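Enquirer: Questions regarding the structure given below will be posed in turn.
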Amino acid sequence: MALFVFMNIILGITGSISAYKAPWLVRDLIRAGHSVRVVMTPSSTNFVAPLALEAVSQHEVIVNPYDPSIQAGGSWHVHLARWADVVLIAPCSATTLSRLANGLCDNALMTVVASRPRETPLIIAPAMDSDMWLQPSVQRNVEQLRADGVTVIYPETGELASGLVGAGRLPELDVIVSLVTHIHGDAHTQGVTRAPAELSPTEHSALLGKHIVITAGPTHEPIDAVRSIVNHSTGTMGFALAAAAQERGALVTLITGPVQLHTPRGVERVDVQTAAEMFQRVHAHINADVFIMAAAVADFTPAHPADGKIKKSEDSPASLTLELIGTADILASVGKQKQAHQKVVGFALEQTNMMSYATDKLTRKNADMIIANLAGAADSGFGTGNNTITIITNNQSPIEYPPMPKRACAEVILDAVEKL
């Protein structure tokens, strides 16, 4: 795992209503041990006062690139850009996404970004209303920036300033601080989350044109005509992986148990109910290039499900005994059959001994990667918008990640898959 590094951070603030959170973001970055300098776009000053940011950062805030007070030494933007270890833009508005994607240099922030050395990471956290975020032009700009080597912290889904609920919300500040610290470490050690800048937009992903099968959600194992054995999986992690893989140009087949989620754009969705159905559907695509088994498949199923509803009556006993039998192991079956060009990824949700169980699972299932996480922990497992994952492979030490949105987890998982 990458070591923690204290950094010089340029925080760019743009004209999103989320800019009001910027003083607290500066505070949290400083509390984490970093030095922070703030550069604002003119529109952002409508949402947060430069004076507040100067007070918390203990540095002059730059808005006007021609301000005489910042001209000492000449080429202030070059010297400031070289001071920084990381440039972070949070929040990043739709307008700034367009400026970045097209190389415009028409304000102080864009001047600093354009002057940063090639090896200095640029990290952006877009934040806007969901209808804006989902515009094709915005998504094209995001993909162009990823192809250019920019790291994108994807927005969360939640309540927005408009009163609507959807994707576009700025992630929680502690998530941004953790991601910035970790992404910087990866950029200088393992390169896990930064798209390679030397590749063209259509070639930036090794998953381009690959067929990826992803499983998601729970399975429902019938007891009778109206009752089932279920678990608490919502399918969010698997759906996030499907959306992220599709955006990298993969051909995605998403095989999902019963969930209340919309199908990601451009993804082939296959709905199933039981573990047996999921096994069958996965094996119908056994020649796929990559398998990511994110579903919480039941380990046991009733041996003799009743055709009708099991009735409780005065004459019936006070208890009911169910005979359970094991379900087919989808991950092990795919791992056993995999060919040289195929990659198999599994998940391990554990309550105790997570690392040892997950590492053992990697070997027993003949998988190429296991994503381990804790059950019942905060920001981990079922029923949360975030996840806390550890990536385990055969060719490097386990990589632990801080709590982060499941969409961000999906990105680092796919980055790791590309390196297998």
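Here, A, B, ... name the chains of the structure tokens in the order displayed, residue numbers run from 1 inside each chain, and ligands are numbered from 1 in the same displayed order.
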Pick out the residues sitting within 6 Å of Gly217 of chain A, and hand them over as a list in words; count only C-alpha atoms, and ignore anything fewer than 4 positions along from it in its own chain.
Expert: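 The residues that qualify are Ser233, Thr234, Gly235, Thr256, Gly257, Ala295 and Ala296 of chain A.
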Enquirer: In segment 99-259 of chain A, what's alpha helix (DSSP H) per DSSP? Answer as a PyMOL selection string?
Expert: chain A and resi 99-102+108-115+130-133+136-147+173-188+236-247
Enquirer: Please identify which residues in segment 63-301 of chain A DSSP calls strand (DSSP E) from the backbone, and express them as a ChimeraX atom specification.
Expert: /A:86-92,122-126,151-152,156-159,165-169,211-216,221-222,228-229,251-256,268-271,290-293,300-301
Enquirer: Convert the current residue selection to file output with C-alpha atoms, as a compact mmCIF listing (two decimals), in the first residue's frame.
Expert:
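Dumped to selection-v7.txt:
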```
# COMPACT_ATOMS: atom_id res chain seq x y z
CA VAL A 86 -1.26 17.95 -6.68
CA VAL A 87 -3.84 20.20 -8.32
CA LEU A 88 -7.36 19.47 -7.07
CA ILE A 89 -10.47 21.14 -8.52
CA ALA A 90 -13.41 20.64 -6.17
CA PRO A 91 -16.10 21.36 -7.02
CA CYS A 92 -15.55 21.28 -10.77
CA LEU A 122 -4.71 16.84 -11.77
CA ILE A 123 -7.72 15.57 -9.82
CA ILE A 124 -11.23 16.87 -10.39
CA ALA A 125 -14.48 16.36 -8.47
CA PRO A 126 -17.38 17.36 -10.73
CA THR A 151 -8.25 11.59 -12.32
CA VAL A 152 -12.01 12.01 -11.88
CA GLU A 156 -22.37 10.79 -5.53
CA THR A 157 -26.08 10.19 -5.83
CA GLY A 158 -28.20 12.08 -3.33
CA GLU A 159 -30.29 15.15 -2.65
CA VAL A 165 -32.41 13.41 -6.07
CA GLY A 166 -29.82 12.03 -8.47
CA ALA A 167 -26.18 11.82 -9.47
CA GLY A 168 -24.14 15.00 -9.25
CA ARG A 169 -23.62 15.58 -5.54
CA HIS A 211 -16.75 -8.57 -23.33
CA ILE A 212 -17.20 -8.26 -19.57
CA VAL A 213 -19.73 -10.28 -17.58
CA ILE A 214 -20.68 -8.70 -14.25
CA THR A 215 -23.00 -10.20 -11.66
CA ALA A 216 -24.88 -8.04 -9.18
CA GLU A 221 -34.12 -18.88 -3.10
CA PRO A 222 -37.81 -19.95 -2.92
CA SER A 228 -37.76 -16.80 -0.26
CA ILE A 229 -34.36 -16.82 1.43
CA LEU A 251 -19.25 -4.69 -24.04
CA VAL A 252 -20.99 -5.36 -20.73
CA THR A 253 -23.43 -8.11 -19.84
CA LEU A 254 -24.92 -7.41 -16.39
CA ILE A 255 -26.54 -10.44 -14.79
CA THR A 256 -28.52 -9.28 -11.79
CA GLU A 268 -27.04 -5.57 -21.68
CA ARG A 269 -29.07 -6.55 -18.60
CA VAL A 270 -30.16 -10.08 -17.75
CA ASP A 271 -32.54 -10.49 -14.78
CA VAL A 290 -13.51 -10.76 -18.05
CA PHE A 291 -15.82 -12.00 -15.29
CA ILE A 292 -16.50 -9.78 -12.25
CA MET A 293 -18.60 -11.70 -9.74
CA PHE A 300 -27.80 -22.59 0.24
CA THR A 301 -31.26 -23.11 -1.23
```
Enquirer: Show me, as an MDAnalysis selection string, the residues that have an atom within 7 Å of His77 of chain A when counting only C-alpha atoms, minus same-chain residues fewer than 3 positions from it.
Expert: chainID A and resid 80:81 111:112 115
Enquirer: Residues within 12 Å of His34 of chain A, please, as a PyMOL selection string. Count only C-alpha atoms; anything in the same chain fewer than 6 positions from it doesn't count.
Expert: chain A and resi 4-11+25-28+57+84-86+177-178+180-181
Enquirer: Print the selection's residues with N, CA and C atoms to a file, as a PDB file, in the first residue's frame.
Expert:
```pdb
ATOM      1  N   PHE A   4       1.616   7.320   3.191  1.00  0.00           N
ATOM      2  CA  PHE A   4       1.044   8.656   3.256  1.00  0.00           C
ATOM      3  C   PHE A   4       2.134   9.684   2.969  1.00  0.00           C
ATOM      4  N   VAL A   5       1.790  10.705   2.191  1.00  0.00           N
ATOM      5  CA  VAL A   5       2.730  11.740   1.823  1.00  0.00           C
ATOM      6  C   VAL A   5       2.099  13.098   2.122  1.00  0.00           C
ATOM      7  N   PHE A   6       2.817  13.969   2.834  1.00  0.00           N
ATOM      8  CA  PHE A   6       2.351  15.333   3.056  1.00  0.00           C
ATOM      9  C   PHE A   6       2.623  16.131   1.798  1.00  0.00           C
ATOM     10  N   MET A   7       1.637  16.893   1.349  1.00  0.00           N
ATOM     11  CA  MET A   7       1.695  17.483   0.013  1.00  0.00           C
ATOM     12  C   MET A   7       1.418  18.983   0.025  1.00  0.00           C
ATOM     13  N   ASN A   8       1.900  19.641  -1.027  1.00  0.00           N
ATOM     14  CA  ASN A   8       1.470  20.981  -1.378  1.00  0.00           C
ATOM     15  C   ASN A   8       0.321  20.848  -2.382  1.00  0.00           C
ATOM     16  N   ILE A   9      -0.839  21.362  -2.023  1.00  0.00           N
ATOM     17  CA  ILE A   9      -2.035  21.173  -2.844  1.00  0.00           C
ATOM     18  C   ILE A   9      -2.569  22.524  -3.301  1.00  0.00           C
ATOM     19  N   ILE A  10      -2.779  22.657  -4.605  1.00  0.00           N
ATOM     20  CA  ILE A  10      -3.546  23.781  -5.131  1.00  0.00           C
ATOM     21  C   ILE A  10      -4.997  23.335  -5.218  1.00  0.00           C
ATOM     22  N   LEU A  11      -5.873  24.050  -4.537  1.00  0.00           N
ATOM     23  CA  LEU A  11      -7.303  23.755  -4.595  1.00  0.00           C
ATOM     24  C   LEU A  11      -7.968  24.767  -5.517  1.00  0.00           C
ATOM     25  N   LEU A  25     -13.308  22.044   3.257  1.00  0.00           N
ATOM     26  CA  LEU A  25     -12.375  21.168   2.541  1.00  0.00           C
ATOM     27  C   LEU A  25     -10.942  21.612   2.775  1.00  0.00           C
ATOM     28  N   VAL A  26     -10.691  22.932   2.720  1.00  0.00           N
ATOM     29  CA  VAL A  26      -9.351  23.457   3.016  1.00  0.00           C
ATOM     30  C   VAL A  26      -8.943  23.071   4.432  1.00  0.00           C
ATOM     31  N   ARG A  27      -9.852  23.273   5.369  1.00  0.00           N
ATOM     32  CA  ARG A  27      -9.557  22.930   6.765  1.00  0.00           C
ATOM     33  C   ARG A  27      -9.180  21.463   6.905  1.00  0.00           C
ATOM     34  N   ASP A  28      -9.953  20.573   6.267  1.00  0.00           N
ATOM     35  CA  ASP A  28      -9.699  19.137   6.413  1.00  0.00           C
ATOM     36  C   ASP A  28      -8.391  18.723   5.744  1.00  0.00           C
ATOM     37  N   SER A  57      -6.881  29.082   4.929  1.00  0.00           N
ATOM     38  CA  SER A  57      -5.677  28.550   4.269  1.00  0.00           C
ATOM     39  C   SER A  57      -4.406  29.255   4.717  1.00  0.00           C
ATOM     40  N   ALA A  84       3.225  23.003  -6.466  1.00  0.00           N
ATOM     41  CA  ALA A  84       2.211  22.015  -6.105  1.00  0.00           C
ATOM     42  C   ALA A  84       2.663  20.588  -6.378  1.00  0.00           C
ATOM     43  N   ASP A  85       2.297  19.701  -5.459  1.00  0.00           N
ATOM     44  CA  ASP A  85       2.409  18.259  -5.700  1.00  0.00           C
ATOM     45  C   ASP A  85       1.167  17.726  -6.393  1.00  0.00           C
ATOM     46  N   VAL A  86       0.027  18.363  -6.135  1.00  0.00           N
ATOM     47  CA  VAL A  86      -1.264  17.945  -6.682  1.00  0.00           C
ATOM     48  C   VAL A  86      -2.085  19.198  -6.960  1.00  0.00           C
ATOM     49  N   VAL A 177     -10.654  14.001   0.704  1.00  0.00           N
ATOM     50  CA  VAL A 177      -9.326  14.086   1.321  1.00  0.00           C
ATOM     51  C   VAL A 177      -8.615  12.738   1.229  1.00  0.00           C
ATOM     52  N   SER A 178      -9.320  11.662   1.552  1.00  0.00           N
ATOM     53  CA  SER A 178      -8.706  10.328   1.495  1.00  0.00           C
ATOM     54  C   SER A 178      -8.307   9.957   0.079  1.00  0.00           C
ATOM     55  N   VAL A 180      -7.676  11.982  -2.505  1.00  0.00           N
ATOM     56  CA  VAL A 180      -6.573  12.811  -3.001  1.00  0.00           C
ATOM     57  C   VAL A 180      -5.250  12.288  -2.469  1.00  0.00           C
ATOM     58  N   THR A 181      -5.210  11.965  -1.195  1.00  0.00           N
ATOM     59  CA  THR A 181      -3.984  11.444  -0.591  1.00  0.00           C
ATOM     60  C   THR A 181      -3.587  10.118  -1.227  1.00  0.00           C
TER      61      THR A 181
END
```
Enquirer: Would you mind telling me which residue in A:Ala288, A:Val412, A:Thr384, A:Glu350 lies nearest to Thr236 of chain A when using only C-alpha atoms?
Expert: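 Of A:Ala288, A:Val412, A:Thr384, A:Glu350, the one nearest Thr236 of chain A, counting only C-alpha atoms, is A:Thr384.
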Enquirer: Compile the contact shell of Ala240 of chain A as JSON, numbers by chain: residues with an atom at most 8 Å away, counting only C-alpha atoms, same-chain residues fewer than 5 positions apart removed.
Expert: {"A": [406, 407, 410]}
Enquirer: Skipping near chain neighbours, those fewer than 4 positions away, what residues fall within 12 Å of Met132 of chain A using only C-alpha atoms, listed as a list of chain:residue names?
Expert: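 So, after excluding close chain neighbours, the residues are A:Ser16, A:Ser93, A:Ala94, A:Thr95, A:Leu97, A:Pro126, A:Ala127, A:Met128, A:Pro136, A:Ser137, A:Val138, A:Gln139, A:Leu160, A:Ser162, A:Gly166, A:Ala167, A:Gly168, A:Arg169.
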Enquirer: Kindly save the residues from that selection, with N, CA and C atoms included, as a PDB file, in the first residue's frame.
Expert:
```pdb
ATOM      1  N   SER A  16     -19.850  26.182  -8.827  1.00  0.00           N
ATOM      2  CA  SER A  16     -20.883  25.218  -8.443  1.00  0.00           C
ATOM      3  C   SER A  16     -21.362  25.595  -7.050  1.00  0.00           C
ATOM      4  N   SER A  93     -17.153  22.572 -12.048  1.00  0.00           N
ATOM      5  CA  SER A  93     -18.422  22.828 -12.731  1.00  0.00           C
ATOM      6  C   SER A  93     -18.399  22.284 -14.158  1.00  0.00           C
ATOM      7  N   ALA A  94     -19.572  22.242 -14.783  1.00  0.00           N
ATOM      8  CA  ALA A  94     -19.663  21.800 -16.175  1.00  0.00           C
ATOM      9  C   ALA A  94     -18.867  22.728 -17.084  1.00  0.00           C
ATOM     10  N   THR A  95     -18.871  24.021 -16.792  1.00  0.00           N
ATOM     11  CA  THR A  95     -18.113  24.970 -17.597  1.00  0.00           C
ATOM     12  C   THR A  95     -16.622  24.702 -17.501  1.00  0.00           C
ATOM     13  N   LEU A  97     -15.216  21.842 -16.719  1.00  0.00           N
ATOM     14  CA  LEU A  97     -14.953  20.592 -17.446  1.00  0.00           C
ATOM     15  C   LEU A  97     -14.713  20.881 -18.927  1.00  0.00           C
ATOM     16  N   PRO A 126     -16.240  16.656 -10.151  1.00  0.00           N
ATOM     17  CA  PRO A 126     -17.383  17.360 -10.731  1.00  0.00           C
ATOM     18  C   PRO A 126     -18.570  17.385  -9.765  1.00  0.00           C
ATOM     19  N   ALA A 127     -19.318  18.488  -9.773  1.00  0.00           N
ATOM     20  CA  ALA A 127     -20.516  18.610  -8.947  1.00  0.00           C
ATOM     21  C   ALA A 127     -21.492  19.529  -9.660  1.00  0.00           C
ATOM     22  N   MET A 128     -22.696  19.032  -9.893  1.00  0.00           N
ATOM     23  CA  MET A 128     -23.722  19.794 -10.612  1.00  0.00           C
ATOM     24  C   MET A 128     -25.039  19.035 -10.499  1.00  0.00           C
ATOM     25  N   PRO A 136     -24.771  14.456 -22.694  1.00  0.00           N
ATOM     26  CA  PRO A 136     -23.712  13.802 -23.487  1.00  0.00           C
ATOM     27  C   PRO A 136     -22.453  14.643 -23.613  1.00  0.00           C
ATOM     28  N   SER A 137     -22.601  15.960 -23.745  1.00  0.00           N
ATOM     29  CA  SER A 137     -21.417  16.808 -23.891  1.00  0.00           C
ATOM     30  C   SER A 137     -20.565  16.787 -22.630  1.00  0.00           C
ATOM     31  N   VAL A 138     -21.219  16.783 -21.468  1.00  0.00           N
ATOM     32  CA  VAL A 138     -20.476  16.720 -20.203  1.00  0.00           C
ATOM     33  C   VAL A 138     -19.751  15.385 -20.087  1.00  0.00           C
ATOM     34  N   GLN A 139     -20.442  14.302 -20.414  1.00  0.00           N
ATOM     35  CA  GLN A 139     -19.818  12.985 -20.331  1.00  0.00           C
ATOM     36  C   GLN A 139     -18.668  12.836 -21.327  1.00  0.00           C
ATOM     37  N   LEU A 160     -29.973  17.027  -4.162  1.00  0.00           N
ATOM     38  CA  LEU A 160     -29.242  18.096  -4.814  1.00  0.00           C
ATOM     39  C   LEU A 160     -29.835  19.451  -4.436  1.00  0.00           C
ATOM     40  N   SER A 162     -31.199  21.559  -6.211  1.00  0.00           N
ATOM     41  CA  SER A 162     -32.458  21.800  -6.914  1.00  0.00           C
ATOM     42  C   SER A 162     -33.643  21.197  -6.193  1.00  0.00           C
ATOM     43  N   GLY A 166     -30.483  12.665  -7.333  1.00  0.00           N
ATOM     44  CA  GLY A 166     -29.823  12.033  -8.469  1.00  0.00           C
ATOM     45  C   GLY A 166     -28.322  12.152  -8.366  1.00  0.00           C
ATOM     46  N   ALA A 167     -27.633  11.736  -9.431  1.00  0.00           N
ATOM     47  CA  ALA A 167     -26.178  11.818  -9.471  1.00  0.00           C
ATOM     48  C   ALA A 167     -25.752  13.254  -9.703  1.00  0.00           C
ATOM     49  N   GLY A 168     -24.664  13.667  -9.064  1.00  0.00           N
ATOM     50  CA  GLY A 168     -24.141  15.003  -9.249  1.00  0.00           C
ATOM     51  C   GLY A 168     -23.673  15.663  -7.971  1.00  0.00           C
ATOM     52  N   ARG A 169     -23.951  15.018  -6.843  1.00  0.00           N
ATOM     53  CA  ARG A 169     -23.615  15.585  -5.540  1.00  0.00           C
ATOM     54  C   ARG A 169     -22.116  15.455  -5.264  1.00  0.00           C
TER      55      ARG A 169
END
```
Enquirer: Given only C-alpha atoms, how would the per-residue table for segment 237-301 of chain A near segment 326-336 of chain A read, listing every residue at most 10 Å away with its closest atom pair and distance in Å to one decimal, sorted by chain and number, as a Markdown table?
Expert:
```
| residue | atom | partner | partner_atom | distance |
| --- | --- | --- | --- | --- |
| A:Thr274 | CA | A:Thr327 | CA | 9.5 |
| A:Ala275 | CA | A:Thr327 | CA | 6.6 |
| A:Ala276 | CA | A:Ala328 | CA | 6.9 |
| A:Met278 | CA | A:Ile330 | CA | 8.1 |
| A:Phe279 | CA | A:Ile330 | CA | 5.6 |
| A:Gln280 | CA | A:Ile330 | CA | 9.0 |
| A:Val282 | CA | A:Ile330 | CA | 7.8 |
| A:His283 | CA | A:Val334 | CA | 7.7 |
| A:Ile286 | CA | A:Val334 | CA | 7.3 |
| A:Asn287 | CA | A:Val334 | CA | 9.9 |
| A:Phe291 | CA | A:Val334 | CA | 8.1 |
| A:Ile292 | CA | A:Leu331 | CA | 9.0 |
| A:Met293 | CA | A:Leu331 | CA | 6.7 |
| A:Ala294 | CA | A:Leu331 | CA | 9.9 |
| A:Val297 | CA | A:Ile330 | CA | 8.6 |
| A:Ala298 | CA | A:Thr327 | CA | 7.0 |
| A:Asp299 | CA | A:Thr327 | CA | 5.4 |
| A:Phe300 | CA | A:Gly326 | CA | 4.4 |
| A:Thr301 | CA | A:Gly326 | CA | 6.3 |
```
Enquirer: Please report the interatomic distance between atom CA of Lys419 of chain A and atom CA of Lys343 of chain A in Å with one decimal.
Expert: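 We find that atom CA of Lys419 of chain A and atom CA of Lys343 of chain A lie 10.7 Å from each other.
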